[in-house]
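Structure data follow from start.cif (mmCIF, C-alpha atoms):
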```
data_my_file
loop_
_atom_site.label_atom_id
_atom_site.label_comp_id
_atom_site.auth_asym_id
_atom_site.auth_seq_id
_atom_site.Cartn_x
_atom_site.Cartn_y
_atom_site.Cartn_z
CA MET A 290 -9.20 -43.25 -7.13
CA ALA A 291 -8.81 -40.31 -9.54
CA PRO A 292 -10.99 -41.93 -12.26
CA LEU A 293 -13.69 -42.71 -9.66
CA LEU A 294 -13.65 -39.10 -8.42
CA PHE A 295 -13.81 -37.90 -12.04
CA ILE A 296 -16.83 -40.11 -12.78
CA PHE A 297 -18.45 -38.95 -9.53
CA GLY A 298 -17.89 -35.32 -10.56
CA MET A 299 -19.39 -35.97 -14.00
CA LEU A 300 -22.44 -37.68 -12.47
CA LEU A 301 -22.99 -34.65 -10.23
CA LEU A 302 -22.82 -32.34 -13.26
CA ILE A 303 -25.34 -34.54 -15.09
CA ALA A 304 -27.55 -34.49 -11.97
CA VAL A 305 -27.47 -30.66 -12.09
CA GLU A 306 -28.55 -30.83 -15.74
CA PHE A 307 -31.66 -32.80 -14.85
CA GLY A 308 -32.48 -31.90 -11.25
CA GLY A 309 -30.46 -28.79 -10.41
CA GLU A 310 -31.92 -25.72 -8.74
CA LEU A 311 -32.55 -22.61 -10.80
CA GLY A 312 -31.09 -19.38 -9.46
CA GLY A 313 -30.32 -16.11 -11.26
CA GLY A 314 -31.22 -17.62 -14.63
CA ALA A 315 -28.77 -20.51 -14.29
CA ARG A 316 -29.06 -24.12 -13.13
CA ARG A 317 -25.87 -24.60 -11.10
CA TRP A 318 -26.78 -25.94 -7.65
CA LEU A 319 -27.84 -29.24 -6.14
CA ASP A 320 -30.02 -29.10 -3.04
CA LEU A 321 -28.65 -31.70 -0.61
CA GLY A 322 -31.27 -30.95 2.04
CA VAL A 323 -28.95 -29.36 4.61
CA VAL A 324 -26.83 -27.37 2.14
CA ARG A 325 -26.83 -26.27 -1.47
CA PHE A 326 -23.80 -27.49 -3.39
CA GLN A 327 -22.31 -26.33 -6.69
CA PRO A 328 -20.82 -29.44 -8.41
CA SER A 329 -18.97 -27.35 -11.02
CA GLU A 330 -16.69 -26.13 -8.19
CA LEU A 331 -15.63 -29.72 -7.55
CA SER A 332 -14.73 -30.06 -11.24
CA LYS A 333 -11.98 -27.48 -10.79
CA LEU A 334 -10.16 -30.07 -8.69
CA VAL A 335 -11.40 -33.37 -10.11
CA VAL A 336 -10.49 -32.52 -13.73
CA PRO A 337 -6.80 -31.71 -13.08
CA LEU A 338 -6.64 -34.72 -10.75
CA MET A 339 -7.84 -36.98 -13.57
CA ILE A 340 -5.52 -35.39 -16.16
CA ALA A 341 -2.55 -35.68 -13.77
CA PHE A 342 -3.42 -39.34 -13.19
CA TYR A 343 -3.64 -39.98 -16.94
CA LEU A 344 -0.48 -38.10 -17.93
CA ALA A 345 1.75 -38.86 -14.93
CA GLU A 346 3.82 -41.62 -16.52
CA ARG A 347 3.60 -40.61 -20.19
CA PRO A 348 6.76 -39.96 -22.23
CA PHE A 349 7.98 -36.45 -23.05
CA PRO A 350 6.89 -34.82 -25.35
CA LEU A 351 3.34 -36.11 -25.11
CA PRO A 352 2.21 -38.35 -27.98
CA TRP A 353 -0.74 -37.00 -30.02
CA LYS A 354 -3.03 -39.81 -28.92
CA ASN A 355 -2.53 -39.09 -25.21
CA LEU A 356 -2.91 -35.38 -25.83
CA ALA A 357 -6.21 -35.91 -27.67
CA VAL A 358 -7.57 -38.11 -24.84
CA ALA A 359 -6.54 -35.50 -22.24
CA ILE A 360 -8.24 -32.69 -24.21
CA GLY A 361 -11.37 -34.86 -24.49
CA LEU A 362 -11.37 -35.43 -20.72
CA ILE A 363 -11.21 -31.65 -20.21
CA LEU A 364 -13.88 -30.74 -22.77
CA LEU A 365 -16.49 -33.18 -21.41
CA PRO A 366 -17.04 -31.38 -18.05
CA VAL A 367 -16.50 -27.98 -19.69
CA ALA A 368 -19.40 -28.68 -22.09
CA LEU A 369 -21.66 -29.72 -19.18
CA ILE A 370 -20.78 -26.57 -17.19
CA LEU A 371 -21.35 -24.34 -20.24
CA ARG A 372 -24.88 -25.74 -20.47
CA GLN A 373 -25.75 -24.50 -16.94
CA PRO A 374 -24.64 -21.78 -18.13
CA ASP A 375 -21.51 -20.80 -16.15
CA LEU A 376 -18.86 -19.38 -18.49
CA GLY A 377 -16.48 -18.30 -15.69
CA THR A 378 -16.31 -21.72 -14.04
CA ALA A 379 -16.09 -23.46 -17.43
CA LEU A 380 -13.06 -21.32 -18.34
CA LEU A 381 -11.44 -22.02 -14.97
CA VAL A 382 -12.00 -25.78 -15.31
CA MET A 383 -10.50 -25.65 -18.78
CA ALA A 384 -7.55 -23.61 -17.52
CA SER A 385 -6.92 -26.05 -14.64
CA GLY A 386 -6.94 -29.05 -17.01
CA LEU A 387 -4.76 -27.32 -19.62
CA ALA A 388 -2.31 -26.31 -16.87
CA VAL A 389 -1.69 -30.01 -16.17
CA VAL A 390 -1.27 -30.77 -19.89
CA PHE A 391 1.23 -27.89 -20.12
CA LEU A 392 3.16 -29.09 -17.06
CA ALA A 393 3.18 -32.67 -18.41
CA GLY A 394 5.27 -31.40 -21.31
CA ILE A 395 4.09 -30.26 -24.71
CA SER A 396 6.19 -28.48 -27.30
CA TRP A 397 6.15 -24.67 -27.52
CA ARG A 398 5.19 -25.02 -31.18
CA LEU A 399 1.97 -26.74 -30.11
CA VAL A 400 1.34 -24.11 -27.40
CA SER A 401 1.74 -21.32 -30.01
CA ALA A 402 -0.56 -23.13 -32.44
CA GLY A 403 -3.15 -23.54 -29.66
CA MET A 404 -3.02 -19.84 -28.84
CA VAL A 405 -3.43 -18.84 -32.50
CA LEU A 406 -6.37 -21.26 -32.78
CA ALA A 407 -7.94 -19.81 -29.62
CA VAL A 408 -7.70 -16.27 -31.02
CA ALA A 409 -9.13 -17.46 -34.35
CA MET A 410 -12.07 -19.07 -32.51
CA VAL A 411 -13.11 -15.79 -30.85
CA PRO A 412 -15.65 -14.82 -33.57
CA LEU A 413 -17.16 -18.30 -33.37
CA ALA A 414 -17.33 -18.12 -29.56
CA TRP A 415 -19.01 -14.71 -29.85
CA HIS A 416 -21.69 -16.29 -32.06
CA PHE A 417 -22.48 -18.95 -29.42
CA MET A 418 -22.44 -16.57 -26.41
CA HIS A 419 -25.63 -15.67 -24.55
CA ASP A 420 -26.73 -12.02 -24.74
CA TYR A 421 -25.76 -11.36 -21.12
CA GLN A 422 -22.27 -12.79 -21.77
CA ARG A 423 -21.80 -10.52 -24.80
CA GLY A 424 -23.00 -7.64 -22.67
CA ARG A 425 -20.26 -8.36 -20.11
CA VAL A 426 -17.55 -8.24 -22.77
CA LEU A 427 -18.90 -4.99 -24.25
CA THR A 428 -19.19 -3.54 -20.74
CA LEU A 429 -15.55 -4.36 -20.10
CA LEU A 430 -14.56 -2.25 -23.11
CA ASP A 431 -16.86 0.62 -22.09
CA PRO A 432 -18.55 0.38 -18.64
CA THR A 433 -20.36 3.69 -19.20
CA ARG A 434 -22.43 2.33 -22.12
CA ASP A 435 -24.94 1.02 -19.56
CA PRO A 436 -24.09 2.66 -16.20
CA LEU A 437 -27.25 1.50 -14.41
CA GLY A 438 -27.32 -1.97 -15.99
CA SER A 439 -24.43 -4.21 -16.99
CA GLY A 440 -21.79 -1.52 -16.26
CA TYR A 441 -23.04 -0.86 -12.73
CA HIS A 442 -20.87 -3.47 -10.97
CA ILE A 443 -17.59 -2.36 -12.57
CA ILE A 444 -18.28 1.38 -12.13
CA GLN A 445 -19.13 0.97 -8.43
CA SER A 446 -16.20 -1.34 -7.70
CA THR A 447 -13.66 0.94 -9.41
CA ILE A 448 -15.07 3.91 -7.43
CA ALA A 449 -14.61 1.86 -4.22
CA ILE A 450 -11.03 0.88 -5.10
CA GLY A 451 -10.09 4.43 -6.09
CA SER A 452 -11.66 6.06 -3.02
CA GLY A 453 -9.53 3.86 -0.74
CA GLY A 454 -6.45 5.89 -1.65
CA LEU A 455 -3.08 4.97 -0.20
CA PHE A 456 -4.06 3.85 3.32
CA GLY A 457 -7.83 3.31 2.98
CA LYS A 458 -10.77 4.68 4.99
CA GLY A 459 -10.34 2.22 7.84
CA TRP A 460 -12.10 -0.97 8.85
CA GLN A 461 -15.92 -0.75 8.64
CA ASN A 462 -15.75 2.66 6.99
CA SER A 463 -16.37 1.70 3.36
CA SER A 464 -19.18 3.92 2.11
CA GLN A 465 -19.69 2.06 -1.19
CA SER A 466 -20.56 -1.13 0.66
CA HIS A 467 -22.42 0.33 3.66
CA LEU A 468 -24.56 2.63 1.52
CA GLU A 469 -25.32 -0.41 -0.65
CA PHE A 470 -23.90 0.98 -3.89
CA LEU A 471 -21.66 -2.04 -4.34
CA PRO A 472 -23.53 -5.28 -5.17
CA GLU A 473 -22.21 -8.69 -4.06
CA SER A 474 -19.95 -6.94 -1.56
CA SER A 475 -19.52 -10.05 0.62
CA THR A 476 -18.91 -12.47 -2.23
CA ASP A 477 -17.37 -11.77 -5.66
CA PHE A 478 -16.73 -8.04 -5.09
CA ILE A 479 -15.22 -8.29 -1.61
CA PHE A 480 -11.84 -7.10 -2.93
CA ALA A 481 -13.40 -3.68 -3.66
CA VAL A 482 -14.52 -3.42 -0.01
CA PHE A 483 -11.05 -4.47 1.15
CA ALA A 484 -9.38 -1.89 -1.14
CA GLU A 485 -11.68 0.88 0.06
CA GLU A 486 -11.02 0.12 3.72
CA PHE A 487 -7.31 -0.71 3.62
CA GLY A 488 -6.10 1.20 0.55
CA LEU A 489 -3.18 0.48 -1.73
CA VAL A 490 -0.94 -0.55 1.19
CA GLY A 491 -3.48 -3.14 2.38
CA CYS A 492 -3.93 -4.47 -1.17
CA GLY A 493 -0.16 -4.81 -1.49
CA PHE A 494 -0.05 -6.79 1.76
CA LEU A 495 -2.88 -9.05 0.56
CA LEU A 496 -1.14 -9.67 -2.77
CA LEU A 497 2.06 -10.53 -0.87
CA LEU A 498 0.13 -13.16 1.12
CA TYR A 499 -1.19 -14.64 -2.13
CA LEU A 500 2.32 -14.56 -3.61
CA ALA A 501 3.67 -16.43 -0.57
CA VAL A 502 1.02 -19.18 -1.04
CA LEU A 503 1.94 -19.38 -4.74
CA LEU A 504 5.68 -19.69 -4.03
CA ARG A 505 5.15 -22.33 -1.33
CA GLY A 506 2.90 -24.30 -3.71
CA LEU A 507 5.48 -24.11 -6.49
CA GLN A 508 8.20 -25.25 -4.09
CA ILE A 509 6.09 -28.29 -3.16
CA SER A 510 5.45 -28.99 -6.85
CA VAL A 511 9.13 -28.80 -7.83
CA THR A 512 10.26 -31.05 -4.97
CA ALA A 513 7.44 -33.65 -5.28
CA SER A 514 8.56 -37.27 -5.15
CA ASP A 515 6.76 -38.44 -8.31
CA GLY A 516 5.28 -37.24 -11.60
CA PHE A 517 1.70 -37.33 -10.37
CA GLY A 518 2.55 -35.21 -7.31
CA ARG A 519 4.44 -32.69 -9.45
CA LEU A 520 1.58 -32.30 -11.95
CA MET A 521 -1.15 -32.20 -9.31
CA ALA A 522 0.64 -29.66 -7.11
CA GLY A 523 1.32 -27.49 -10.17
CA ALA A 524 -2.35 -27.68 -11.16
CA ILE A 525 -3.57 -26.70 -7.67
CA VAL A 526 -1.25 -23.68 -7.69
CA ALA A 527 -2.47 -22.78 -11.21
CA ILE A 528 -6.13 -22.94 -10.12
CA PHE A 529 -5.38 -20.76 -7.10
CA CYS A 530 -3.61 -18.18 -9.30
CA CYS A 531 -6.48 -18.18 -11.80
CA TYR A 532 -8.94 -17.43 -8.97
CA VAL A 533 -6.86 -14.49 -7.71
CA VAL A 534 -6.05 -12.99 -11.13
CA VAL A 535 -9.58 -13.37 -12.54
CA ASN A 536 -11.31 -12.03 -9.41
CA ILE A 537 -9.04 -9.01 -8.89
CA GLY A 538 -8.99 -8.41 -12.67
CA MET A 539 -12.79 -8.33 -12.87
CA VAL A 540 -13.24 -6.17 -9.76
CA SER A 541 -10.74 -3.61 -11.05
CA GLY A 542 -12.34 -3.56 -14.52
CA LEU A 543 -9.56 -5.32 -16.42
CA LEU A 544 -11.46 -8.57 -17.10
CA PRO A 545 -15.14 -9.34 -17.81
CA VAL A 546 -17.40 -9.93 -14.79
CA VAL A 547 -17.66 -13.69 -14.16
CA GLY A 548 -18.73 -15.42 -10.96
CA VAL A 549 -15.30 -16.16 -9.51
CA PRO A 550 -14.73 -15.62 -5.76
CA LEU A 551 -11.58 -14.22 -4.16
CA PRO A 552 -9.93 -17.36 -2.70
CA LEU A 553 -10.18 -17.84 1.09
CA ILE A 554 -11.73 -14.37 1.53
CA SER A 555 -15.06 -14.25 -0.33
CA TYR A 556 -18.17 -15.50 1.45
CA GLY A 557 -19.14 -18.88 -0.02
CA GLY A 558 -19.08 -22.58 0.76
CA SER A 559 -18.46 -24.75 -2.31
CA SER A 560 -15.41 -22.88 -3.61
CA LEU A 561 -13.87 -22.57 -0.13
CA VAL A 562 -14.21 -26.29 0.64
CA THR A 563 -12.92 -27.26 -2.83
CA LEU A 564 -9.93 -24.96 -2.49
CA LEU A 565 -9.08 -26.27 0.98
CA LEU A 566 -9.40 -29.84 -0.31
CA GLY A 567 -6.84 -28.84 -2.94
CA PHE A 568 -4.51 -27.46 -0.27
CA GLY A 569 -4.96 -30.71 1.68
CA ILE A 570 -3.79 -32.66 -1.39
CA LEU A 571 -0.86 -30.21 -1.72
CA MET A 572 0.16 -30.91 1.90
CA SER A 573 -0.22 -34.64 1.28
CA ILE A 574 2.19 -34.36 -1.69
CA ARG A 575 4.68 -32.53 0.55
CA ASN A 576 4.32 -35.13 3.31
CA ASP A 577 5.05 -37.91 0.81
CA ARG A 578 8.28 -36.21 -0.24
CA LYS A 579 9.40 -36.02 3.40
CA MET A 580 8.61 -39.68 3.86
CA TRP A 581 10.61 -40.75 0.78
CA ASN A 582 13.57 -38.62 1.91
CA LYS A 583 13.77 -40.36 5.30
CA MET B 105 -2.36 -37.73 18.84
CA LEU B 106 -2.20 -34.13 17.56
CA LYS B 107 1.51 -34.62 16.85
CA ARG B 108 0.65 -37.31 14.31
CA ILE B 109 -1.41 -34.91 12.20
CA ARG B 110 0.79 -34.01 9.22
CA LEU B 111 0.30 -30.46 7.96
CA ASP B 112 2.57 -27.94 6.28
CA PRO B 113 3.00 -25.17 8.91
CA VAL B 114 3.96 -22.49 6.36
CA LEU B 115 0.96 -23.12 4.11
CA LEU B 116 -1.37 -23.49 7.10
CA THR B 117 -0.23 -20.14 8.56
CA LEU B 118 -0.78 -18.37 5.23
CA ILE B 119 -4.22 -19.95 4.78
CA LEU B 120 -5.30 -18.97 8.31
CA ALA B 121 -4.02 -15.41 7.78
CA LEU B 122 -6.05 -15.08 4.57
CA MET B 123 -9.13 -16.54 6.28
CA ALA B 124 -8.77 -14.06 9.15
CA VAL B 125 -8.68 -11.21 6.61
CA GLY B 126 -11.76 -12.76 4.95
CA LEU B 127 -13.69 -12.82 8.25
CA LEU B 128 -12.80 -9.19 9.01
CA VAL B 129 -13.86 -7.94 5.58
CA SER B 130 -17.02 -10.13 5.51
CA PHE B 131 -18.06 -8.65 8.86
CA SER B 132 -17.53 -5.15 7.52
CA ALA B 133 -19.13 -5.77 4.11
CA SER B 134 -22.25 -7.27 5.71
CA GLY B 135 -22.71 -4.14 7.85
CA GLY B 136 -21.56 -5.81 11.08
CA SER B 137 -23.75 -8.89 10.79
CA THR B 138 -22.58 -11.60 13.19
CA ALA B 139 -24.82 -14.12 11.41
CA VAL B 140 -22.72 -13.77 8.24
CA VAL B 141 -19.50 -14.19 10.22
CA LYS B 142 -20.83 -17.27 12.05
CA SER B 143 -21.96 -18.82 8.78
CA GLN B 144 -18.59 -18.07 7.13
CA LEU B 145 -16.74 -19.43 10.17
CA LEU B 146 -18.74 -22.67 9.96
CA ARG B 147 -17.86 -23.07 6.27
CA MET B 148 -14.21 -22.39 7.05
CA LEU B 149 -14.19 -25.04 9.79
CA VAL B 150 -15.76 -27.60 7.43
CA GLY B 151 -13.18 -26.68 4.78
CA LEU B 152 -10.29 -26.96 7.26
CA ALA B 153 -11.54 -30.38 8.42
CA VAL B 154 -11.62 -31.55 4.77
CA MET B 155 -8.10 -30.15 4.26
CA VAL B 156 -6.70 -31.89 7.35
CA LEU B 157 -8.25 -35.22 6.25
CA ALA B 158 -6.90 -34.88 2.70
CA ALA B 159 -3.43 -34.01 4.01
CA GLN B 160 -3.28 -37.27 5.98
CA LEU B 161 -3.81 -39.41 2.87
CA PRO B 162 -0.70 -40.40 0.92
CA SER B 163 -0.91 -38.71 -2.51
CA VAL B 164 -0.71 -42.14 -4.13
CA PHE B 165 -4.25 -42.66 -2.76
CA PHE B 166 -5.51 -40.43 -5.56
CA ILE B 167 -3.86 -42.67 -8.17
CA GLU B 168 -4.66 -46.13 -6.86
CA TRP B 169 -6.47 -46.89 -3.62
CA ARG B 170 -5.24 -50.52 -3.49
CA HIS B 171 -1.69 -49.28 -3.91
CA CYS B 172 -2.47 -46.89 -1.07
CA CYS B 173 -3.30 -49.71 1.36
CA LEU B 174 -0.02 -51.47 0.53
CA TYR B 175 1.85 -48.17 0.86
CA SER B 176 0.27 -47.48 4.25
CA VAL B 177 1.28 -50.91 5.58
CA CYS B 178 4.85 -50.57 4.32
CA CYS B 179 5.59 -46.96 5.18
CA TYR B 180 3.77 -46.20 8.45
#
```
Please re-express this file's structure in structure tokens.
Amino acid sequence: MAPLLFIFGMLLLIAVEFGGELGGGARRWLDLGVVRFQPSELSKLVVPLMIAFYLAERPFPLPWKNLAVAIGLILLPVALILRQPDLGTALLVMASGLAVVFLAGISWRLVSAGMVLAVAMVPLAWHFMHDYQRGRVLTLLDPTRDPLGSGYHIIQSTIAIGSGGLFGKGWQNSSQSHLEFLPESSTDFIFAVFAEEFGLVGCGFLLLLYLAVLLRGLQISVTASDGFGRLMAGAIVAIFCCYVVVNIGMVSGLLPVVGVPLPLISYGGSSLVTLLLGFGILMSIRNDRKMWNK
Amino acid sequence: MLKRIRLDPVLLTLILALMAVGLLVSFSASGGSTAVVKSQLLRMLVGLAVMVLAAQLPSVFFIEWRHCCLYSVCCY
């Protein structure tokens, strides 16, 4: 089933390439009549599923041939998503696939070499970036270089987070959002609204909830009954962590602004349904373990 | 019939808690718009339905659907 889902996901991405809807300068959505759907969101789940299927029964450490095929399977959807263009989702899809490869077992020497190669590729990546993507990176280093343009989001969100203080201003009392200073306050920047209303204490509580989900997911991964379950559960937890870290990092000005929602909290359909499908698979892996133990 | 639905209670509780926080903040961020909350609630219900369905499938289903049929006959 995993290969069929992977092919289905690829076909959807190709459909976006030829018949996707334009919005905000990018072609990312498919209009299904009743709803608009973002196929790249599905890739975040389908890619690790396919890699877990492919690597589940391979020997440790992974032979070069298998590793090359797995990297190819990751790069194919990443290239299609980069063409939309959607750098944030492409990076998350790549991270989710690489998480499975890492969990399947590769030597630390190879991991180190990969990291050095990634750093060495930065100038090349810079050359191929769109102007708005370069602007985001430069804005991260100095948000005040364009306070009313590319730096506006980060400046407003950090003001919102800081003005929340220790206990926050209280529910429905966030001035940054209600006076419409903060853009995308219901979607990608919802964490800034939360921080302004519930303060540092509320943010700590929210991070504890996320940590609890992470630990439960890792527990399911470690105790899975087979290799596929272990890899897939690990990948789902890795995707979830990437969402949280990237979203909170971008809202607090530590990472570039990319379109990544805060999991289970941001307003949005495709990412929510994809994430819950992932949690469903996680529960299915746990149920299997219970069944084998009986 | 409800007893036969297999879900992880710990994970489900955490997910519902996070969703409840999401609804509260969405309501506030949208300036008290009930339309936004209704729309978000609908998406959450669709997502939860997908999650419940996926949780009922044996994980082997995602590897090999024919294997899954055999597994279902033997293990249920």
#### Entry: Surrounding residues of Ile443 (chain A) excluding itself and chain neighbours under 5 positions, 9 Å, all atoms listed in the file, as a PyMOL selection string
chain A and resi 428-429+432+436+448+539-542+546
#### Entry: 6 Å contact set for region 356-371 of chain A, only C-alpha atoms, chain neighbours under 5 positions out, as a PyMOL selection string
chain A and resi 376+379+386
For the PyMOL selection byres ((chain A) within 9 of (chain B)), applied here, can you spell out every residue it catches as a PDB file with C-alpha atoms, in the coordinates of the input?
```pdb
ATOM      1  CA  MET A 290      -9.200 -43.250  -7.130  1.00  0.00           C
ATOM      2  CA  ALA A 291      -8.810 -40.310  -9.540  1.00  0.00           C
ATOM      3  CA  PRO A 292     -10.990 -41.930 -12.260  1.00  0.00           C
ATOM      4  CA  LEU A 294     -13.650 -39.100  -8.420  1.00  0.00           C
ATOM      5  CA  LEU A 338      -6.640 -34.720 -10.750  1.00  0.00           C
ATOM      6  CA  MET A 339      -7.840 -36.980 -13.570  1.00  0.00           C
ATOM      7  CA  PHE A 342      -3.420 -39.340 -13.190  1.00  0.00           C
ATOM      8  CA  TRP A 460     -12.100  -0.970   8.850  1.00  0.00           C
ATOM      9  CA  GLN A 461     -15.920  -0.750   8.640  1.00  0.00           C
ATOM     10  CA  ASN A 462     -15.750   2.660   6.990  1.00  0.00           C
ATOM     11  CA  SER A 463     -16.370   1.700   3.360  1.00  0.00           C
ATOM     12  CA  SER A 466     -20.560  -1.130   0.660  1.00  0.00           C
ATOM     13  CA  HIS A 467     -22.420   0.330   3.660  1.00  0.00           C
ATOM     14  CA  SER A 474     -19.950  -6.940  -1.560  1.00  0.00           C
ATOM     15  CA  SER A 475     -19.520 -10.050   0.620  1.00  0.00           C
ATOM     16  CA  THR A 476     -18.910 -12.470  -2.230  1.00  0.00           C
ATOM     17  CA  ILE A 479     -15.220  -8.290  -1.610  1.00  0.00           C
ATOM     18  CA  PHE A 480     -11.840  -7.100  -2.930  1.00  0.00           C
ATOM     19  CA  VAL A 482     -14.520  -3.420  -0.010  1.00  0.00           C
ATOM     20  CA  PHE A 483     -11.050  -4.470   1.150  1.00  0.00           C
ATOM     21  CA  GLU A 486     -11.020   0.120   3.720  1.00  0.00           C
ATOM     22  CA  LEU A 495      -2.880  -9.050   0.560  1.00  0.00           C
ATOM     23  CA  LEU A 498       0.130 -13.160   1.120  1.00  0.00           C
ATOM     24  CA  TYR A 499      -1.190 -14.640  -2.130  1.00  0.00           C
ATOM     25  CA  ALA A 501       3.670 -16.430  -0.570  1.00  0.00           C
ATOM     26  CA  VAL A 502       1.020 -19.180  -1.040  1.00  0.00           C
ATOM     27  CA  ARG A 505       5.150 -22.330  -1.330  1.00  0.00           C
ATOM     28  CA  GLY A 506       2.900 -24.300  -3.710  1.00  0.00           C
ATOM     29  CA  PHE A 517       1.700 -37.330 -10.370  1.00  0.00           C
ATOM     30  CA  GLY A 518       2.550 -35.210  -7.310  1.00  0.00           C
ATOM     31  CA  PRO A 552      -9.930 -17.360  -2.700  1.00  0.00           C
ATOM     32  CA  LEU A 553     -10.180 -17.840   1.090  1.00  0.00           C
ATOM     33  CA  ILE A 554     -11.730 -14.370   1.530  1.00  0.00           C
ATOM     34  CA  SER A 555     -15.060 -14.250  -0.330  1.00  0.00           C
ATOM     35  CA  TYR A 556     -18.170 -15.500   1.450  1.00  0.00           C
ATOM     36  CA  GLY A 557     -19.140 -18.880  -0.020  1.00  0.00           C
ATOM     37  CA  GLY A 558     -19.080 -22.580   0.760  1.00  0.00           C
ATOM     38  CA  SER A 559     -18.460 -24.750  -2.310  1.00  0.00           C
ATOM     39  CA  LEU A 561     -13.870 -22.570  -0.130  1.00  0.00           C
ATOM     40  CA  VAL A 562     -14.210 -26.290   0.640  1.00  0.00           C
ATOM     41  CA  THR A 563     -12.920 -27.260  -2.830  1.00  0.00           C
ATOM     42  CA  LEU A 564      -9.930 -24.960  -2.490  1.00  0.00           C
ATOM     43  CA  LEU A 565      -9.080 -26.270   0.980  1.00  0.00           C
ATOM     44  CA  LEU A 566      -9.400 -29.840  -0.310  1.00  0.00           C
ATOM     45  CA  GLY A 567      -6.840 -28.840  -2.940  1.00  0.00           C
ATOM     46  CA  PHE A 568      -4.510 -27.460  -0.270  1.00  0.00           C
ATOM     47  CA  GLY A 569      -4.960 -30.710   1.680  1.00  0.00           C
ATOM     48  CA  ILE A 570      -3.790 -32.660  -1.390  1.00  0.00           C
ATOM     49  CA  LEU A 571      -0.860 -30.210  -1.720  1.00  0.00           C
ATOM     50  CA  MET A 572       0.160 -30.910   1.900  1.00  0.00           C
ATOM     51  CA  SER A 573      -0.220 -34.640   1.280  1.00  0.00           C
ATOM     52  CA  ILE A 574       2.190 -34.360  -1.690  1.00  0.00           C
ATOM     53  CA  ARG A 575       4.680 -32.530   0.550  1.00  0.00           C
ATOM     54  CA  ASN A 576       4.320 -35.130   3.310  1.00  0.00           C
ATOM     55  CA  ASP A 577       5.050 -37.910   0.810  1.00  0.00           C
ATOM     56  CA  MET A 580       8.610 -39.680   3.860  1.00  0.00           C
TER      57      MET A 580
END
```
### Gap from CA of Leu301 (chain A) to CA of Leu387 (chain A) - Å, one decimal
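Computing it gives 21.8 Å between the two atoms.
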### Task
Would you mind reading off the distance between CA of Ile340 (chain A) and CA of Phe391 (chain A), one decimal, in Å?
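Separation between CA of Ile340 (chain A) and CA of Phe391 (chain A): 10.8 Å.
The residues caught by the PyMOL selection byres ((chain A and resi 331) around 8) in this file are Gly298, Gln327, Pro328, Ser329, Glu330, Ser332, Lys333, Leu334, Val335, Ser559, Ser560 and Thr563 of chain A.
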Write the residues of the selection above to a file with C-alpha atoms, as an mmCIF file, in the frame of the given file.
```
data_model
loop_
_atom_site.group_PDB
_atom_site.id
_atom_site.type_symbol
_atom_site.label_atom_id
_atom_site.label_comp_id
_atom_site.auth_asym_id
_atom_site.auth_seq_id
_atom_site.Cartn_x
_atom_site.Cartn_y
_atom_site.Cartn_z
ATOM 1 C CA GLY A 298 -17.890 -35.320 -10.560
ATOM 2 C CA GLN A 327 -22.310 -26.330 -6.690
ATOM 3 C CA PRO A 328 -20.820 -29.440 -8.410
ATOM 4 C CA SER A 329 -18.970 -27.350 -11.020
ATOM 5 C CA GLU A 330 -16.690 -26.130 -8.190
ATOM 6 C CA SER A 332 -14.730 -30.060 -11.240
ATOM 7 C CA LYS A 333 -11.980 -27.480 -10.790
ATOM 8 C CA LEU A 334 -10.160 -30.070 -8.690
ATOM 9 C CA VAL A 335 -11.400 -33.370 -10.110
ATOM 10 C CA SER A 559 -18.460 -24.750 -2.310
ATOM 11 C CA SER A 560 -15.410 -22.880 -3.610
ATOM 12 C CA THR A 563 -12.920 -27.260 -2.830
#
```
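In this structure, CA of Ala304 (chain A) sits 12.5 Å away from CA of Arg372 (chain A).
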### Task
Tell me, as JSON, numbers by chain, which residues lie within 10 Å of Leu427 (chain A), counting all atoms listed in the file; anything in the same chain fewer than 5 positions away does not count.
{"A": [421, 422, 432, 434, 435, 439, 440, 545]}
#### Entry: Result set, the PyMOL selection byres ((chain A and resi 309) around 10) on current file, as an MDAnalysis selection string
chainID A and resid 301:308 310:312 315:320 325:328 373
### Query
If we count only C-alpha atoms, what is near Cys492 (chain A) at a cut-off of 10 Å, once residues fewer than 2 positions away on the same chain are taken out, given as a ChimeraX atom specification?
/A:450,455-457,480-481,483-490,494-498
Because some atoms of region 130-134 of chain B are absent here, can you restore N, CA, C and O atoms and send them as a CSV table (one decimal), in the coordinates of the input?
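What landed in result-v8.csv:
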```
chain,number,residue,atom,x,y,z
B,130,SER,N,-15.6,-9.7,5.6
B,130,SER,CA,-17.0,-10.1,5.5
B,130,SER,C,-17.9,-9.4,6.6
B,130,SER,O,-19.0,-9.0,6.3
B,131,PHE,N,-17.3,-9.3,7.8
B,131,PHE,CA,-18.1,-8.6,8.9
B,131,PHE,C,-18.4,-7.2,8.5
B,131,PHE,O,-19.5,-6.7,8.6
B,132,SER,N,-17.4,-6.5,7.9
B,132,SER,CA,-17.5,-5.2,7.5
B,132,SER,C,-18.5,-5.0,6.4
B,132,SER,O,-19.4,-4.2,6.4
B,133,ALA,N,-18.3,-5.9,5.3
B,133,ALA,CA,-19.1,-5.8,4.1
B,133,ALA,C,-20.6,-6.1,4.4
B,133,ALA,O,-21.5,-5.5,3.7
B,134,SER,N,-20.9,-6.9,5.4
B,134,SER,CA,-22.2,-7.3,5.7
B,134,SER,C,-22.9,-6.3,6.7
B,134,SER,O,-24.0,-6.5,7.2
```
